[in-house]
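Structure, as C-alpha cells:
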Amino acid sequence: MILPLSYYQNEDVVFLARDLLGKSLITNIGGTITRAVIAETEAYAGEIDKASHAYGGRRTNRTEVMFRAGGVSYVYLCYGMHNLFNIVTGPEGIPHAILIRGIILEDGIESARNRTGKNLQKGQLIEGPGNTTKTLGITREHNGLLLTGDTLWLEDNGIVIAPENIVVSKRIGVDYAGDDAHLPYRFQIKNNTLK
DNA sequence: GCCTGGATCCAT
DNA sequence: TGGATCCAGGCC
C-alpha cells in the first residue's frame, strides 16, 4: 500500500522517524524501478532543533520545501558531492524532516550496481545517506517531489520492526548543534533482524 | 561579494 | 586523518 499524504502530516517527527523503519522506498528513474527497505533514519525537529536547517524558522530558497505540508522530498547537496534525501513531515508551516541514512536493497539490483559501481546484492544493507541516494538514483532534481507521485514513493508492505530490534542513538555529524546534538533521534534496524 | 564549513565517503 | 568538491548562509 502506498503511504498516503495523511501519514506524513503527523506532527510527531520522532515517532515518524521510528515508524519509517521497515517501510519500502521506491524510485522510478527513467523507467527503471529500484526498491529498498528503510533501515536507518534521523529526525530533525524543525524550528526548535539546532541541528535542523530550519532552526529558528530559517526560511531560505533551500529550506522552503521543509515548510510545505508533509509528504514531499527534501534533497540537498552536502559536502559538495553527496545528495542527501529527506522526507518532509508535519502540517504546512512546520518544517519537520527525516533524513534517510540507510536502506536494505530489495529490487533493481542491476541499476543500483550501475549507479554505484559496486557489486551489490539483494538484501544488502546500504549504510550512509550519500550511499543511499546514489544507490537509488536520487539527486537534487528530485527535490520537492510529492511522495505519492510516480517517481519517488513509499509503501507499507506490512513489515513491522519489534521495539527490541530498533537501535536508538544520537545523530551523526551534528556536533555544531550544542545540546541538541545529544538528542536520541537516530533509529536503526538492528543487524540481521529483517527477514 | 567573499569566506567558511558542512545532516559524507573512502582511501591512506 | 585528510582530501574531494561546491554551494548555502552569514557577514561585510
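Residues in the C-alpha cells are named by chain (A, B, ... in the order shown) and by number from 1 within that chain; ligands are numbered from 1 in the order shown.
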
Report task. Pull out every residue of chain B that has at least one atom within 9 Å of chain A, counting only C-alpha atoms (C1' of nucleotides), and report them as a ChimeraX atom specification. Result -> /B:5-9

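Applying a distance limit of 12 Å to only C-alpha atoms (C1' of nucleotides), the residues of chain C near chain A read DG3, DA4, DT5, DC6, DC7, DA8 and DG9 of chain C.
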
Query - Per-residue DSSP, segment 34-132 of chain A, filtered to strand (DSSP E or B), as a count of residues only - result: 41

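When atom CA of Gly158 of chain A is paired with atom CA of Leu105 of chain A, their separation reads 16.8 Å.
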
Requested in this report: Would you kindly return, as an NGL selection string, each protein, DNA or RNA residue with an atom no farther than 10 Å from any atom of Lys190 of chain A, considering only C-alpha atoms (C1' of nucleotides) and excluding same-chain residues fewer than 3 positions away?
Outcome: :A and (39-40 or 161-168 or 187 or 193-194)

Requested in this report: Any chance you could list, as a ChimeraX atom specification, the residues in segment 34-185 of chain A that come up helix (DSSP H, G or I) when DSSP is run on the backbone?
Outcome: /A:46-48,55-57,63-67,109-116,129-136,140-142,163-165,175-182

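Near Leu120 of chain A, within 12 Å and counting only C-alpha atoms (C1' of nucleotides), sit Ile104, Leu105, Glu106, Asp107, Gly108, Ile109, Glu110, Ser111, Ala112, Arg113, Asn114, Ile126, Asn131 and Thr135 of chain A, not including residues fewer than 6 positions from it in the same chain.
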
Include C-alpha atoms and write out the residues we just selected as a short mmCIF file (atom, residue, chain, number, x, y, z; two decimals), in the first residue's frame.
```
data_model
loop_
_atom_site.label_atom_id
_atom_site.label_comp_id
_atom_site.auth_asym_id
_atom_site.auth_seq_id
_atom_site.Cartn_x
_atom_site.Cartn_y
_atom_site.Cartn_z
CA ILE A 104 18.24 -2.63 2.52
CA LEU A 105 18.33 -3.18 -1.23
CA GLU A 106 15.45 -5.35 -2.46
CA ASP A 107 14.95 -4.91 -6.19
CA GLY A 108 16.52 -3.16 -9.16
CA ILE A 109 19.90 -4.58 -8.21
CA GLU A 110 21.37 -4.18 -11.68
CA SER A 111 20.62 -0.46 -11.91
CA ALA A 112 21.90 0.04 -8.36
CA ARG A 113 25.15 -1.66 -9.36
CA ASN A 114 25.48 0.55 -12.41
CA ILE A 126 23.48 0.21 2.26
CA ASN A 131 25.33 5.98 -0.46
CA THR A 135 22.06 3.55 -4.90
#
```
